[in-house]
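A.B. asks: Next up, model_18.pdb (PDB, C-alpha atoms and all ligand atoms).
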MODEL        1
ATOM      1  CA  MET A 550      -7.961  11.875 -18.587
ATOM      2  CA  GLY A 551      -4.483  13.069 -19.649
ATOM      3  CA  GLU A 552      -2.894  15.288 -17.039
ATOM      4  CA  LYS A 553      -6.251  16.433 -15.757
ATOM      5  CA  LYS A 554      -6.457  16.147 -11.999
ATOM      6  CA  PRO A 555      -8.595  13.291 -10.757
ATOM      7  CA  THR A 556     -11.536  14.310  -8.599
ATOM      8  CA  ARG A 557     -12.352  12.916  -5.168
ATOM      9  CA  GLN A 558     -15.441  11.303  -6.670
ATOM     10  CA  GLU A 559     -13.317   9.428  -9.196
ATOM     11  CA  ALA A 560     -10.928   8.337  -6.453
ATOM     12  CA  LEU A 561     -13.806   7.176  -4.275
ATOM     13  CA  GLU A 562     -15.356   5.157  -7.106
ATOM     14  CA  LEU A 563     -12.053   3.364  -7.709
ATOM     15  CA  LEU A 564     -11.583   2.746  -3.989
ATOM     16  CA  HIS A 565     -15.033   1.216  -3.680
ATOM     17  CA  ARG A 566     -14.697  -0.835  -6.845
ATOM     18  CA  TYR A 567     -11.447  -2.411  -5.681
ATOM     19  CA  ASN A 568     -12.101  -2.546  -1.935
ATOM     20  CA  GLU A 569     -15.183  -4.175  -0.495
ATOM     21  CA  SER A 570     -13.709  -4.597   2.967
ATOM     22  CA  ASP A 571     -15.010  -2.125   5.495
ATOM     23  CA  SER A 572     -11.715  -1.990   7.370
ATOM     24  CA  LEU A 573      -9.694  -1.256   4.206
ATOM     25  CA  ARG A 574     -12.112   1.516   3.248
ATOM     26  CA  LYS A 575     -11.864   2.988   6.737
ATOM     27  CA  HIS A 576      -8.080   2.856   6.568
ATOM     28  CA  ALA A 577      -8.274   4.798   3.279
ATOM     29  CA  TYR A 578     -10.555   7.431   4.846
ATOM     30  CA  ALA A 579      -8.247   7.733   7.855
ATOM     31  CA  VAL A 580      -5.162   8.276   5.697
ATOM     32  CA  GLU A 581      -7.130  10.721   3.528
ATOM     33  CA  GLY A 582      -8.206  12.671   6.620
ATOM     34  CA  VAL A 583      -4.667  12.937   7.942
ATOM     35  CA  MET A 584      -3.228  13.890   4.548
ATOM     36  CA  ARG A 585      -5.880  16.603   4.154
ATOM     37  CA  PHE A 586      -5.138  17.973   7.606
ATOM     38  CA  ILE A 587      -1.380  18.079   7.055
ATOM     39  CA  GLY A 588      -1.634  19.270   3.434
ATOM     40  CA  ARG A 589      -3.735  22.216   4.601
ATOM     41  CA  LYS A 590      -1.364  22.936   7.475
ATOM     42  CA  ARG A 591       1.685  22.845   5.186
ATOM     43  CA  GLY A 592       0.072  25.052   2.549
ATOM     44  CA  GLY A 593      -0.216  22.255  -0.024
ATOM     45  CA  ASP A 594      -3.138  21.451  -2.286
ATOM     46  CA  GLU A 595      -5.430  19.736   0.191
ATOM     47  CA  GLU A 596      -7.431  17.976  -2.506
ATOM     48  CA  THR A 597      -4.326  16.359  -4.036
ATOM     49  CA  TRP A 598      -2.992  15.283  -0.629
ATOM     50  CA  GLY A 599      -6.375  13.807   0.299
ATOM     51  CA  ILE A 600      -6.935  11.940  -2.969
ATOM     52  CA  ILE A 601      -3.502  10.322  -2.839
ATOM     53  CA  GLY A 602      -4.245   9.242   0.725
ATOM     54  CA  LEU A 603      -7.529   7.748  -0.406
ATOM     55  CA  ILE A 604      -6.076   5.528  -3.130
ATOM     56  CA  HIS A 605      -2.621   4.672  -1.728
ATOM     57  CA  ASP A 606      -3.635   1.058  -0.923
ATOM     58  CA  LEU A 607      -6.013   0.685  -3.870
ATOM     59  CA  ASP A 608      -4.806  -2.777  -4.918
ATOM     60  CA  TYR A 609      -4.415  -4.301  -1.466
ATOM     61  CA  GLU A 610      -7.650  -6.274  -1.233
ATOM     62  CA  LYS A 611      -7.474  -7.934  -4.647
ATOM     63  CA  PHE A 612      -3.716  -8.060  -5.267
ATOM     64  CA  ALA A 613      -2.026  -8.200  -1.865
ATOM     65  CA  ASP A 614       0.903 -10.128  -3.335
ATOM     66  CA  GLN A 615       1.429  -7.429  -5.968
ATOM     67  CA  HIS A 616       0.753  -4.519  -3.611
ATOM     68  CA  CYS A 617       1.856  -1.133  -5.022
ATOM     69  CA  GLN A 618       2.602  -2.533  -8.501
ATOM     70  CA  LYS A 619      -1.071  -3.126  -9.304
ATOM     71  CA  THR A 620      -2.067   0.286  -7.986
ATOM     72  CA  GLY A 621       0.327   1.785 -10.512
ATOM     73  CA  GLU A 622      -1.208  -0.275 -13.316
ATOM     74  CA  ILE A 623      -4.794   0.543 -12.390
ATOM     75  CA  LEU A 624      -4.180   4.267 -12.061
ATOM     76  CA  ARG A 625      -2.266   4.354 -15.359
ATOM     77  CA  GLU A 626      -5.153   2.575 -17.097
ATOM     78  CA  HIS A 627      -7.388   5.339 -15.818
ATOM     79  CA  GLY A 628      -5.040   8.040 -17.072
ATOM     80  CA  TRP A 629      -4.007   9.354 -13.673
ATOM     81  CA  PRO A 630      -1.077  11.797 -13.652
ATOM     82  CA  GLU A 631       2.330  10.279 -12.842
ATOM     83  CA  GLU A 632       2.654  12.643  -9.878
ATOM     84  CA  TYR A 633      -0.216  10.835  -8.136
ATOM     85  CA  ILE A 634       1.037   7.391  -9.093
ATOM     86  CA  ARG A 635       4.584   7.866  -7.822
ATOM     87  CA  ALA A 636       3.279   9.377  -4.596
ATOM     88  CA  ALA A 637       0.968   6.404  -4.000
ATOM     89  CA  LEU A 638       3.772   3.914  -4.694
ATOM     90  CA  SER A 639       6.264   5.695  -2.455
ATOM     91  CA  HIS A 640       4.309   4.707   0.682
ATOM     92  CA  GLY A 641       5.598   1.179   0.136
ATOM     93  CA  TRP A 642       9.217   2.154  -0.329
ATOM     94  CA  GLY A 643      11.513  -0.731   0.566
ATOM     95  CA  ILE A 644       8.531  -3.064   1.039
ATOM     96  CA  CYS A 645       6.558  -3.224  -2.188
ATOM     97  CA  SER A 646       8.065  -0.456  -4.290
ATOM     98  CA  GLU A 647      11.424   1.048  -5.160
ATOM     99  CA  VAL A 648      10.019   4.564  -5.206
ATOM    100  CA  ALA A 649      11.598   6.515  -2.364
ATOM    101  CA  PRO A 650       9.548   9.339  -0.847
ATOM    102  CA  GLU A 651      10.963  12.641  -2.108
ATOM    103  CA  THR A 652       8.351  15.373  -1.896
ATOM    104  CA  GLU A 653       6.924  16.578   1.388
ATOM    105  CA  LEU A 654       3.595  14.967   0.483
ATOM    106  CA  GLU A 655       5.286  11.613  -0.140
ATOM    107  CA  LYS A 656       7.286  11.736   3.072
ATOM    108  CA  TYR A 657       4.162  12.483   5.101
ATOM    109  CA  LEU A 658       2.227   9.661   3.444
ATOM    110  CA  TYR A 659       5.084   7.288   4.238
ATOM    111  CA  ALA A 660       5.251   8.482   7.843
ATOM    112  CA  ILE A 661       1.550   8.496   8.727
ATOM    113  CA  ASP A 662       0.279   5.354   6.977
ATOM    114  CA  GLU A 663       1.304   2.966   9.770
ATOM    115  CA  LEU A 664       0.723   5.578  12.453
ATOM    116  CA  THR A 665      -3.016   5.682  11.682
ATOM    117  CA  GLY A 666      -3.162   2.018  12.731
ATOM    118  CA  LEU A 667      -1.583   2.784  16.067
ATOM    119  CA  VAL A 668      -4.064   5.607  16.679
ATOM    120  CA  VAL A 669      -7.007   3.306  15.814
ATOM    121  CA  THR A 670      -5.877   0.692  18.356
ATOM    122  CA  THR A 671      -5.269   3.388  20.969
ATOM    123  CA  ALA A 672      -8.810   4.696  20.429
ATOM    124  CA  LEU A 673     -10.345   1.233  20.662
ATOM    125  CA  ILE A 674      -8.938   0.523  24.130
ATOM    126  CA  ARG A 675     -10.520   3.691  25.509
ATOM    127  CA  PRO A 676     -13.873   3.201  27.240
ATOM    128  CA  SER A 677     -15.428   5.638  24.740
ATOM    129  CA  LYS A 678     -13.816   3.862  21.753
ATOM    130  CA  SER A 679     -13.448   7.344  20.363
ATOM    131  CA  VAL A 680     -10.562   8.988  18.534
ATOM    132  CA  MET A 681     -11.761  12.263  20.061
ATOM    133  CA  ASP A 682     -10.249  11.132  23.381
ATOM    134  CA  VAL A 683      -6.874   9.984  22.074
ATOM    135  CA  GLN A 684      -3.895  11.975  23.289
ATOM    136  CA  VAL A 685      -0.335  12.101  22.019
ATOM    137  CA  LYS A 686       0.990  10.658  25.274
ATOM    138  CA  SER A 687      -1.351   7.639  25.085
ATOM    139  CA  VAL A 688       0.094   6.778  21.681
ATOM    140  CA  LYS A 689       3.669   7.401  22.845
ATOM    141  CA  ASN A 690       3.101   5.155  25.873
ATOM    142  CA  LYS A 691       2.399   2.226  23.575
ATOM    143  CA  TRP A 692       5.432   2.832  21.366
ATOM    144  CA  LYS A 693       7.676   0.220  22.897
ATOM    145  CA  ASP A 694       4.937  -2.269  23.729
ATOM    146  CA  LYS A 695       5.487  -4.700  20.870
ATOM    147  CA  ARG A 696       2.343  -6.695  21.605
ATOM    148  CA  PHE A 697       0.158  -3.620  21.284
ATOM    149  CA  ALA A 698      -0.918  -3.120  17.656
ATOM    150  CA  ALA A 699       1.741  -5.686  16.790
ATOM    151  CA  GLY A 700       1.271  -5.200  13.043
ATOM    152  CA  VAL A 701       2.335  -1.564  13.196
ATOM    153  CA  ASP A 702       5.986  -1.155  12.282
ATOM    154  CA  ARG A 703       7.196   1.695  14.493
ATOM    155  CA  SER A 704      10.534   1.883  12.695
ATOM    156  CA  ILE A 705       8.827   3.028   9.469
ATOM    157  CA  ILE A 706       7.087   5.844  11.317
ATOM    158  CA  GLU A 707      10.364   6.867  12.942
ATOM    159  CA  LYS A 708      12.143   6.786   9.598
ATOM    160  CA  GLY A 709       9.382   8.959   8.102
ATOM    161  CA  ALA A 710       9.605  11.507  10.908
ATOM    162  CA  GLN A 711      13.366  11.604  10.451
ATOM    163  CA  MET A 712      13.059  12.206   6.691
ATOM    164  CA  LEU A 713      10.705  15.082   7.423
ATOM    165  CA  GLY A 714      12.754  16.459  10.281
ATOM    166  CA  VAL A 715       9.572  16.586  12.332
ATOM    167  CA  PRO A 716       9.429  15.500  15.990
ATOM    168  CA  LEU A 717       7.481  12.275  16.528
ATOM    169  CA  GLU A 718       5.148  14.074  18.936
ATOM    170  CA  GLU A 719       4.144  16.561  16.254
ATOM    171  CA  LEU A 720       3.536  13.801  13.724
ATOM    172  CA  ILE A 721       1.365  11.920  16.217
ATOM    173  CA  ASP A 722      -0.532  15.102  17.063
ATOM    174  CA  ASP A 723      -1.232  15.856  13.385
ATOM    175  CA  THR A 724      -2.330  12.263  12.784
ATOM    176  CA  ILE A 725      -4.755  12.307  15.710
ATOM    177  CA  LYS A 726      -6.206  15.655  14.610
ATOM    178  CA  GLY A 727      -6.595  14.540  11.006
ATOM    179  CA  MET A 728      -8.378  11.383  12.113
ATOM    180  CA  GLN A 729     -10.631  13.366  14.441
ATOM    181  CA  GLU A 730     -11.896  15.301  11.414
ATOM    182  CA  VAL A 731     -13.102  12.051   9.859
ATOM    183  CA  ALA A 732     -14.053  10.296  13.112
ATOM    184  CA  GLU A 733     -17.544   9.457  11.873
ATOM    185  CA  ALA A 734     -16.367   7.971   8.562
ATOM    186  CA  ILE A 735     -13.756   5.780  10.260
ATOM    187  CA  GLY A 736     -16.177   4.552  12.916
ATOM    188  CA  LEU A 737     -14.300   6.137  15.817
ATOM    189  CA  LYS A 738     -16.677   8.861  16.900
ATOM    190  CA  GLY A 739     -17.538   6.794  19.973
ATOM    191  CA  ASN A 740     -20.689   7.052  21.973
ATOM    192  CA  PRO A 741     -21.740  10.299  23.617
ATOM    193  CA  SER A 742     -21.446   9.825  27.364
TER     194      SER A 742
HETATM  195 FE    FE B 801       0.205  -0.200   1.707
HETATM  196 FE    FE B 802      -1.977   2.034   4.044
ENDMDL
END
In structure tokens, write the structure found in this file.

C.D. replies:
Amino acid sequence: MGEKKPTRQEALELLHRYNESDSLRKHAYAVEGVMRFIGRKRGGDEETWGIIGLIHDLDYEKFADQHCQKTGEILREHGWPEEYIRAALSHGWGICSEVAPETELEKYLYAIDELTGLVVTTALIRPSKSVMDVQVKSVKNKWKDKRFAAGVDRSIIEKGAQMLGVPLEELIDDTIKGMQEVAEAIGLKGNPS
């Protein structure tokens, strides 16, 4: 592939080949949706932002103990540009990779990855089970409740927002809006009432 940009179709095929789990696929679509929304808003190349979101956890199902490292290997085997690979790896900075987020795209990926999980749990406790009803204040209200979405590390999100110099509220708002655009694909459209 050389330095040719990967297409969404290629990214999707890799995602599906390496991830059979419905919840991992939905997480990928959620992160893609948010990255597209923010990339567009920030005047970036939406397609690049989205594709990196889609494959950031590529190796997680099959190589959880080598998370990030295997993603790098797989993408290199497929000739993906280094720009995409380093961006994908930077989401696990300090956890499964040494690649610190540097570009705006990388910092946003780092900041919103965990946040999508908090928005999912916030949607699921609503009677509608819909992300369309989630508000910034509902997510903020659960920030300090450690038992709520216990797996979501709030400190990573805060660190990401700090790196970006973006208020937490704005980051949460962007994440909700990005996920609303893909509500159907992530199973959070809810039931019409
Ligand atoms: Fe990850
Ligand atoms: Fe992730």

A.B. asks: Pull out every residue that the PyMOL selection byres (((not hetatm)) within 7 of (chain B and resi 802)) matches in the shown coordinates and put them as a PyMOL selection string.

C.D. replies: chain A and resi 576-577+605-606+662-663

A.B. asks: Considering all atoms listed in the file, give me a table of residues in chain A that are at most 10 Å from ligand FE 801 (chain B), with the closest atom pair and distance in Å for each, as JSON lines.

C.D. replies:
{"residue": "A:Ala577", "atom": "CA", "partner": "B:FE801", "partner_atom": "FE", "distance": 10.0}
{"residue": "A:Ile604", "atom": "CA", "partner": "B:FE801", "partner_atom": "FE", "distance": 9.8}
{"residue": "A:His605", "atom": "CA", "partner": "B:FE801", "partner_atom": "FE", "distance": 6.6}
{"residue": "A:Asp606", "atom": "CA", "partner": "B:FE801", "partner_atom": "FE", "distance": 4.8}
{"residue": "A:Leu607", "atom": "CA", "partner": "B:FE801", "partner_atom": "FE", "distance": 8.4}
{"residue": "A:Asp608", "atom": "CA", "partner": "B:FE801", "partner_atom": "FE", "distance": 8.7}
{"residue": "A:Tyr609", "atom": "CA", "partner": "B:FE801", "partner_atom": "FE", "distance": 6.9}
{"residue": "A:Ala613", "atom": "CA", "partner": "B:FE801", "partner_atom": "FE", "distance": 9.0}
{"residue": "A:His616", "atom": "CA", "partner": "B:FE801", "partner_atom": "FE", "distance": 6.9}
{"residue": "A:Cys617", "atom": "CA", "partner": "B:FE801", "partner_atom": "FE", "distance": 7.0}
{"residue": "A:Thr620", "atom": "CA", "partner": "B:FE801", "partner_atom": "FE", "distance": 10.0}
{"residue": "A:Ala637", "atom": "CA", "partner": "B:FE801", "partner_atom": "FE", "distance": 8.8}
{"residue": "A:Leu638", "atom": "CA", "partner": "B:FE801", "partner_atom": "FE", "distance": 8.4}
{"residue": "A:Ser639", "atom": "CA", "partner": "B:FE801", "partner_atom": "FE", "distance": 9.4}
{"residue": "A:His640", "atom": "CA", "partner": "B:FE801", "partner_atom": "FE", "distance": 6.5}
{"residue": "A:Gly641", "atom": "CA", "partner": "B:FE801", "partner_atom": "FE", "distance": 5.8}
{"residue": "A:Trp642", "atom": "CA", "partner": "B:FE801", "partner_atom": "FE", "distance": 9.5}
{"residue": "A:Ile644", "atom": "CA", "partner": "B:FE801", "partner_atom": "FE", "distance": 8.8}
{"residue": "A:Cys645", "atom": "CA", "partner": "B:FE801", "partner_atom": "FE", "distance": 8.0}
{"residue": "A:Ser646", "atom": "CA", "partner": "B:FE801", "partner_atom": "FE", "distance": 9.9}
{"residue": "A:Tyr659", "atom": "CA", "partner": "B:FE801", "partner_atom": "FE", "distance": 9.3}
{"residue": "A:Asp662", "atom": "CA", "partner": "B:FE801", "partner_atom": "FE", "distance": 7.7}
{"residue": "A:Glu663", "atom": "CA", "partner": "B:FE801", "partner_atom": "FE", "distance": 8.7}

A.B. asks: Report the distance between CA of Glu632 (chain A) and CA of Phe586 (chain A) in Å, rounded to one decimal place.

C.D. replies: 19.9 Å

A.B. asks: With distances taken over all atoms listed in the file, which of A:Glu653, A:Glu610, A:Asp702, A:Glu647 is nearest to Gly593 (chain A)?

C.D. replies: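 With all atoms listed in the file as the atom set, the closest residue is A:Glu653.
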
A.B. asks: Rank A:Ala579, A:Leu573, A:Leu658, A:Met584 by their smallest atom-to-atom distance to Ala732 (chain A), using all atoms listed in the file, and report the top residue only.

C.D. replies: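 Residue with the minimum atom-to-atom distance to Ala732 (chain A): A:Ala579.
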